[in-house]
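**Q** Next comes the structure file start.pdb, holding PDB, C-alpha atoms and all ligand atoms.
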```pdb
ATOM      1  CA  MET A   1      90.742  71.024  71.613
ATOM      2  CA  MET A   2      92.816  74.213  71.826
ATOM      3  CA  VAL A   3      90.951  77.135  73.382
ATOM      4  CA  SER A   4      91.475  80.633  72.034
ATOM      5  CA  ILE A   5      91.942  83.413  74.558
ATOM      6  CA  ALA A   6      92.390  87.127  73.860
ATOM      7  CA  VAL A   7      94.488  89.001  76.409
ATOM      8  CA  VAL A   8      93.514  92.662  76.658
ATOM      9  CA  ALA A   9      95.622  95.202  78.545
ATOM     10  CA  GLY A  10      93.780  98.267  79.826
ATOM     11  CA  SER A  11      96.795 100.539  79.437
ATOM     12  CA  THR A  12      98.753 101.718  76.422
ATOM     13  CA  ARG A  13     101.373 103.461  78.560
ATOM     14  CA  GLU A  14     105.015 102.964  77.643
ATOM     15  CA  GLY A  15     106.385 100.854  80.509
ATOM     16  CA  SER A  16     102.882  99.910  81.687
ATOM     17  CA  TYR A  17     102.831  97.486  84.627
ATOM     18  CA  ASN A  18      99.556  96.061  83.400
ATOM     19  CA  ARG A  19     100.999  95.345  79.985
ATOM     20  CA  ALA A  20     103.899  93.585  81.730
ATOM     21  CA  LEU A  21     101.435  91.519  83.771
ATOM     22  CA  ALA A  22      99.360  90.809  80.651
ATOM     23  CA  GLU A  23     102.463  89.460  78.928
ATOM     24  CA  LEU A  24     103.224  87.119  81.847
ATOM     25  CA  ALA A  25      99.634  85.871  81.795
ATOM     26  CA  ALA A  26      99.684  85.441  77.999
ATOM     27  CA  ALA A  27     102.892  83.404  78.233
ATOM     28  CA  SER A  28     101.359  81.260  80.990
ATOM     29  CA  LEU A  29      98.197  80.663  78.938
ATOM     30  CA  GLU A  30     100.329  79.601  75.970
ATOM     31  CA  ALA A  31     102.501  77.339  78.131
ATOM     32  CA  GLN A  32      99.304  75.664  79.339
ATOM     33  CA  GLY A  33      98.071  75.009  75.810
ATOM     34  CA  ALA A  34      95.842  77.970  74.906
ATOM     35  CA  GLY A  35      95.987  79.844  71.613
ATOM     36  CA  VAL A  36      96.557  83.462  72.636
ATOM     37  CA  THR A  37      95.855  86.730  70.837
ATOM     38  CA  ARG A  38      97.451  89.770  72.467
ATOM     39  CA  VAL A  39      95.225  92.830  72.060
ATOM     40  CA  ASP A  40      96.917  96.236  72.103
ATOM     41  CA  LEU A  41      94.066  98.721  72.426
ATOM     42  CA  GLY A  42      96.424 101.411  71.120
ATOM     43  CA  ALA A  43      96.229  99.665  67.757
ATOM     44  CA  PHE A  44      92.465 100.263  67.576
ATOM     45  CA  ASP A  45      91.080 103.656  66.609
ATOM     46  CA  LEU A  46      88.091 103.795  68.961
ATOM     47  CA  PRO A  47      86.355 107.148  69.376
ATOM     48  CA  LEU A  48      84.503 107.721  72.609
ATOM     49  CA  TYR A  49      81.200 105.874  72.210
ATOM     50  CA  SER A  50      78.303 108.018  71.063
ATOM     51  CA  ALA A  51      74.968 106.952  69.620
ATOM     52  CA  ALA A  52      75.369 109.412  66.756
ATOM     53  CA  THR A  53      78.746 107.956  65.760
ATOM     54  CA  GLU A  54      77.302 104.482  66.034
ATOM     55  CA  ALA A  55      74.332 105.344  63.819
ATOM     56  CA  THR A  56      76.191 107.269  61.152
ATOM     57  CA  ALA A  57      79.724 105.887  61.075
ATOM     58  CA  PHE A  58      80.218 102.689  63.097
ATOM     59  CA  PRO A  59      84.004 102.766  63.594
ATOM     60  CA  PRO A  60      85.701 100.045  61.520
ATOM     61  CA  ASP A  61      88.091  99.347  64.398
ATOM     62  CA  ALA A  62      85.177  98.824  66.797
ATOM     63  CA  ALA A  63      83.835  96.218  64.387
ATOM     64  CA  ARG A  64      87.342  94.725  64.102
ATOM     65  CA  LEU A  65      87.743  94.492  67.888
ATOM     66  CA  LYS A  66      84.303  92.966  68.279
ATOM     67  CA  ALA A  67      84.987  90.418  65.527
ATOM     68  CA  LEU A  68      88.213  89.456  67.274
ATOM     69  CA  PHE A  69      86.331  88.939  70.565
ATOM     70  CA  VAL A  70      83.594  86.935  68.803
ATOM     71  CA  GLN A  71      86.243  84.433  67.651
ATOM     72  CA  GLN A  72      87.519  83.750  71.183
ATOM     73  CA  ASP A  73      86.524  81.115  73.710
ATOM     74  CA  GLY A  74      87.611  83.380  76.562
ATOM     75  CA  LEU A  75      88.899  86.846  77.385
ATOM     76  CA  LEU A  76      91.484  87.968  79.936
ATOM     77  CA  PHE A  77      91.487  91.626  80.971
ATOM     78  CA  VAL A  78      94.531  93.088  82.736
ATOM     79  CA  SER A  79      93.737  96.606  83.794
ATOM     80  CA  PRO A  80      94.874  99.547  85.877
ATOM     81  CA  GLU A  81      92.546 101.134  88.410
ATOM     82  CA  TYR A  82      91.690 104.787  87.773
ATOM     83  CA  ASN A  83      89.971 106.517  90.686
ATOM     84  CA  GLY A  84      88.590 103.278  91.986
ATOM     85  CA  SER A  85      87.329 101.997  88.647
ATOM     86  CA  LEU A  86      88.565 100.926  85.250
ATOM     87  CA  PRO A  87      90.156 103.350  82.776
ATOM     88  CA  PRO A  88      87.944 104.872  80.059
ATOM     89  CA  LEU A  89      90.201 103.256  77.451
ATOM     90  CA  LEU A  90      89.024  99.823  78.532
ATOM     91  CA  LYS A  91      85.401 100.688  79.332
ATOM     92  CA  ASN A  92      85.027 102.313  75.912
ATOM     93  CA  ALA A  93      86.455  99.229  74.192
ATOM     94  CA  ILE A  94      84.139  96.902  76.155
ATOM     95  CA  ASP A  95      81.188  99.163  75.296
ATOM     96  CA  TRP A  96      81.890  99.288  71.553
ATOM     97  CA  ALA A  97      82.265  95.497  71.372
ATOM     98  CA  SER A  98      78.952  95.097  73.197
ATOM     99  CA  ARG A  99      77.015  96.799  70.398
ATOM    100  CA  PRO A 100      75.029  94.806  67.833
ATOM    101  CA  THR A 101      76.343  94.570  64.285
ATOM    102  CA  GLY A 102      74.681  93.218  61.152
ATOM    103  CA  ASP A 103      71.198  91.943  61.937
ATOM    104  CA  GLU A 104      71.942  91.071  65.568
ATOM    105  CA  GLY A 105      69.389  91.956  68.246
ATOM    106  CA  LEU A 106      70.111  94.749  70.713
ATOM    107  CA  VAL A 107      71.443  92.474  73.449
ATOM    108  CA  ALA A 108      72.902  89.660  71.356
ATOM    109  CA  LEU A 109      76.280  90.422  73.009
ATOM    110  CA  THR A 110      78.014  88.000  70.653
ATOM    111  CA  ALA A 111      81.467  89.147  71.785
ATOM    112  CA  TYR A 112      80.763  88.094  75.363
ATOM    113  CA  ARG A 113      77.672  86.010  76.066
ATOM    114  CA  GLY A 114      78.368  82.724  77.819
ATOM    115  CA  LYS A 115      82.145  82.951  77.484
ATOM    116  CA  ALA A 116      84.802  82.665  80.170
ATOM    117  CA  ALA A 117      86.567  85.756  81.471
ATOM    118  CA  ALA A 118      89.363  86.428  83.921
ATOM    119  CA  ILE A 119      90.625  89.685  85.404
ATOM    120  CA  MET A 120      93.965  90.932  86.735
ATOM    121  CA  ALA A 121      95.367  94.279  87.848
ATOM    122  CA  ALA A 122      98.696  95.873  88.672
ATOM    123  CA  SER A 123      98.911  99.115  90.596
ATOM    124  CA  ILE A 124     101.485 101.272  92.292
ATOM    125  CA  SER A 125      99.200 101.344  95.353
ATOM    126  CA  PRO A 126      99.343  98.794  98.186
ATOM    127  CA  PHE A 127      95.832  97.634  97.221
ATOM    128  CA  GLY A 128      96.835  96.470  93.754
ATOM    129  CA  GLY A 129      93.858  97.851  91.853
ATOM    130  CA  LEU A 130      91.344  95.686  93.702
ATOM    131  CA  ARG A 131      88.519  98.248  93.520
ATOM    132  CA  GLY A 132      88.882  98.505  89.757
ATOM    133  CA  LEU A 133      88.609  94.725  89.468
ATOM    134  CA  MET A 134      85.328  94.746  91.409
ATOM    135  CA  HIS A 135      83.847  97.098  88.808
ATOM    136  CA  LEU A 136      85.356  95.156  85.929
ATOM    137  CA  ARG A 137      83.931  91.876  87.272
ATOM    138  CA  GLN A 138      80.477  93.421  87.513
ATOM    139  CA  ILE A 139      80.631  94.905  84.011
ATOM    140  CA  LEU A 140      81.766  91.619  82.446
ATOM    141  CA  SER A 141      78.938  89.809  84.247
ATOM    142  CA  THR A 142      76.516  92.401  82.899
ATOM    143  CA  VAL A 143      77.586  91.577  79.337
ATOM    144  CA  GLN A 144      76.898  87.924  80.204
ATOM    145  CA  MET A 145      80.443  86.614  80.636
ATOM    146  CA  ILE A 146      81.227  83.891  83.172
ATOM    147  CA  VAL A 147      83.947  85.578  85.242
ATOM    148  CA  ILE A 148      86.044  83.006  87.082
ATOM    149  CA  PRO A 149      86.498  83.496  90.841
ATOM    150  CA  GLU A 150      90.289  83.551  90.714
ATOM    151  CA  GLN A 151      91.829  86.972  90.092
ATOM    152  CA  VAL A 152      95.253  88.528  90.435
ATOM    153  CA  VAL A 153      96.314  91.822  91.963
ATOM    154  CA  VAL A 154      99.908  93.021  91.892
ATOM    155  CA  PRO A 155     100.353  95.776  94.513
ATOM    156  CA  ASN A 156     103.374  98.106  94.596
ATOM    157  CA  ALA A 157     103.804  97.349  90.922
ATOM    158  CA  HIS A 158     106.734  99.757  90.539
ATOM    159  CA  ALA A 159     108.794  97.336  92.671
ATOM    160  CA  ALA A 160     107.100  94.047  91.734
ATOM    161  CA  PHE A 161     108.799  93.099  88.469
ATOM    162  CA  ALA A 162     112.318  91.713  88.038
ATOM    163  CA  GLU A 163     114.630  92.785  85.190
ATOM    164  CA  ASP A 164     113.466  89.859  83.049
ATOM    165  CA  GLY A 165     109.797  90.862  83.404
ATOM    166  CA  SER A 166     108.910  88.127  85.888
ATOM    167  CA  LEU A 167     107.203  88.795  89.215
ATOM    168  CA  LYS A 168     109.554  88.862  92.192
ATOM    169  CA  ASP A 169     106.948  87.536  94.641
ATOM    170  CA  ALA A 170     106.009  83.863  94.473
ATOM    171  CA  LEU A 171     102.378  84.420  95.493
ATOM    172  CA  PRO A 172     101.165  86.643  92.636
ATOM    173  CA  ALA A 173     103.340  84.634  90.241
ATOM    174  CA  SER A 174     101.604  81.402  91.257
ATOM    175  CA  LEU A 175      98.196  83.098  91.113
ATOM    176  CA  VAL A 176      98.875  84.071  87.487
ATOM    177  CA  GLU A 177      99.475  80.392  86.676
ATOM    178  CA  GLN A 178      96.400  79.222  88.603
ATOM    179  CA  THR A 179      94.144  81.865  87.078
ATOM    180  CA  ALA A 180      95.370  81.005  83.588
ATOM    181  CA  ALA A 181      94.742  77.306  84.260
ATOM    182  CA  ARG A 182      91.189  77.887  85.498
ATOM    183  CA  LEU A 183      90.411  80.266  82.614
ATOM    184  CA  ILE A 184      91.452  77.587  80.120
ATOM    185  CA  ALA A 185      89.448  74.900  81.940
ATOM    186  CA  VAL A 186      86.281  77.009  82.128
ATOM    187  CA  ALA A 187      86.639  78.271  78.539
ATOM    188  CA  LYS A 188      87.034  74.674  77.394
ATOM    189  CA  ALA A 189      83.991  73.492  79.347
ATOM    190  CA  LEU A 190      81.810  76.381  78.157
ATOM    191  CA  SER A 191      82.735  75.984  74.498
ATOM    192  CA  ALA A 192      82.368  72.188  74.442
TER     193      ALA A 192
HETATM  194  C1  LIG B 201      93.570 109.176  86.387
HETATM  195  C2  LIG B 201      94.306 108.182  87.236
HETATM  196  C3  LIG B 201      93.678 107.677  88.358
HETATM  197  C4  LIG B 201      94.324 106.714  89.148
HETATM  198  N1  LIG B 201      93.645 106.173  90.199
HETATM  199  C5  LIG B 201      94.181 105.122  90.855
HETATM  200  C6  LIG B 201      93.415 104.413  91.821
HETATM  201  O1  LIG B 201      92.276 104.727  92.099
HETATM  202  N2  LIG B 201      93.984 103.358  92.432
HETATM  203  C7  LIG B 201      95.253 102.943  92.137
HETATM  204  O2  LIG B 201      95.695 101.948  92.686
HETATM  205  N3  LIG B 201      96.011 103.593  91.222
HETATM  206  C8  LIG B 201      95.505 104.666  90.577
HETATM  207  N4  LIG B 201      96.242 105.321  89.623
HETATM  208  C9  LIG B 201      97.658 104.960  89.452
HETATM  209  C10 LIG B 201      97.847 103.769  88.528
HETATM  210  O3  LIG B 201      97.778 102.584  89.292
HETATM  211  C11 LIG B 201      99.225 103.861  87.890
HETATM  212  O4  LIG B 201      99.263 105.001  87.062
HETATM  213  C12 LIG B 201      99.562 102.628  87.096
HETATM  214  O5  LIG B 201     100.929 102.675  86.750
HETATM  215  C13 LIG B 201      98.713 102.536  85.839
HETATM  216  O6  LIG B 201      98.877 101.294  85.219
HETATM  217  P1  LIG B 201      99.917 101.059  84.001
HETATM  218  O7  LIG B 201     101.296 101.067  84.605
HETATM  219  O8  LIG B 201      99.553  99.723  83.476
HETATM  220  O9  LIG B 201      99.735 102.162  82.982
HETATM  221  C14 LIG B 201      95.644 106.307  88.831
HETATM  222  C15 LIG B 201      96.272 106.830  87.695
HETATM  223  C16 LIG B 201      95.614 107.747  86.904
HETATM  224  C17 LIG B 201      96.300 108.279  85.662
END
```
Produce structure tokens that represent the structure in this file.
Ligand SMILES: Cc1cc2nc3c(=O)[nH]c(=O)nc-3n(C[C@H](O)[C@H](O)[C@H](O)COP(=O)(O)O)c2cc1C
**A**
Amino acid sequence: MMVSIAVVAGSTREGSYNRALAELAAASLEAQGAGVTRVDLGAFDLPLYSAATEATAFPPDAARLKALFVQQDGLLFVSPEYNGSLPPLLKNAIDWASRPTGDEGLVALTAYRGKAAAIMAASISPFGGLRGLMHLRQILSTVQMIVIPEQVVVPNAHAAFAEDGSLKDALPASLVEQTAARLIAVAKALSA
């Protein structure tokens, strides 16, 4: 059985290190047999969540993003750290996709519940965005995902990537492969 994994980058910046890392992880997931959907949050028109917007005009792109997540066996988030946490771009997307649609109950969490998740970060700091990942792990657990223990941080990201987009250091490069492998294995087990 082929597992489907969506890879979500938490940055839309031109030249984003996290998008570069997301692409490496997506390629690794594919090489290890997963069906991968690359999610560019810039392609989704997501207003800042508000209850009034939700009640009167549920954004079509929020429904589209949620529907995409619902179809997956697992999700991989690759995100920058902003002031010790995750960027509002990503938190807002996670929040919209957590909302009930149709006749779902309030905490149905159909985009997330019981599915495998993995997290990675790249940062220009020597800490690699580790604090942001701690928040992201907690949030994904709150929406009932099974977040695998493996994670990847790429510190000093401005100097970490080679011309061809690969990681210069063997350690983070091998952790990308290992994390992808475990995500596939756990997604497979959970969706069996
Ligand atoms: C508002 C803001 C806050 C930031 N806070 C942190 C931080 O707390 N820790 C960190 O490692 N980098 C921080 N950065 C720097 C980001 O790591 C850097 O901009 C990185 O390139 C963003 O990821 P990207 O290349 O994928 O867009 C911050 C950047 C911004 C814009």
**Q** Please provide as a PyMOL selection string all residues within 6 Å of Ser98 of chain A, with the sequence filter that same-chain residues fewer than 2 positions apart are discarded (counting only C-alpha atoms).
**A** chain A and resi 95-96+109
**Q** Which polymer residues have any atom within 12 Å of an atom of Ala162 of chain A, counting only C-alpha atoms, with same-chain residues fewer than 5 positions away left out, as an NGL selection string?
**A** :A and (17 or 20-21 or 24 or 157 or 167-170 or 173)
**Q** Run through the PyMOL selection byres (((not hetatm)) within 12 of (chain B and resi 201)) on the given coordinates and return the selected residues as JSON, numbers by chain.
**A** {"A": [8, 9, 10, 11, 12, 13, 14, 15, 16, 17, 18, 19, 20, 21, 22, 23, 77, 78, 79, 80, 81, 82, 83, 84, 85, 86, 87, 88, 89, 90, 120, 121, 122, 123, 124, 125, 126, 127, 128, 129, 130, 131, 132, 133, 135, 153, 154, 155, 156, 157, 158, 159, 160, 161]}
**Q** Write out as AutoDock Vina command-line options an axis-aligned box for segment 156-170 of chain A: all of its atoms listed in the file, 8 Å added on each side, centre and edge lengths in Å with one decimal.
**A**
```
--center_x 109.0 --center_y 91.8 --center_z 88.8 --size_x 27.3 --size_y 31.9 --size_z 27.6
```
**Q** Report as number ranges by chain the residues that result from applying the PyMOL selection byres (((chain A and resi 60-73) around 10) and not hetatm) to the structure here.
**A** A: 2-6, 34-37, 39, 41, 43-47, 49, 54, 57-59, 74-75, 92-101, 109-117, 183-184, 186-192
**Q** Work out how far atom CA of Asp164 of chain A is from atom CA of Glu150 of chain A, in Å to one decimal.
**A**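 These two atoms are separated by 25.2 Å.
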**Q** Quick one: which residues end up in the PyMOL selection byres (((chain A and resi 181) around 10) and not hetatm) for this structure, as a VMD selection string?
**A** chain A and resid 28 to 29 31 to 34 175 to 180 182 to 187
**Q** What does the distance between atom CA of Ser141 of chain A and atom CA of Ala52 of chain A come to in Å, to one decimal place?
**A** 26.5 Å
**Q** What does the structure give for the distance between atom CA of Ile148 of chain A and atom CA of Met1 of chain A, in Å to one decimal?
**A**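 Pair atom CA of Ile148 of chain A / atom CA of Met1 of chain A returns 20.1 Å.
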**Q** Out of A:Leu76, A:Gly102, A:Ser174, A:Ser50, which residue has the shortest atom-to-atom distance to Val147 of chain A when counting all atoms listed in the file?
**A** A:Leu76
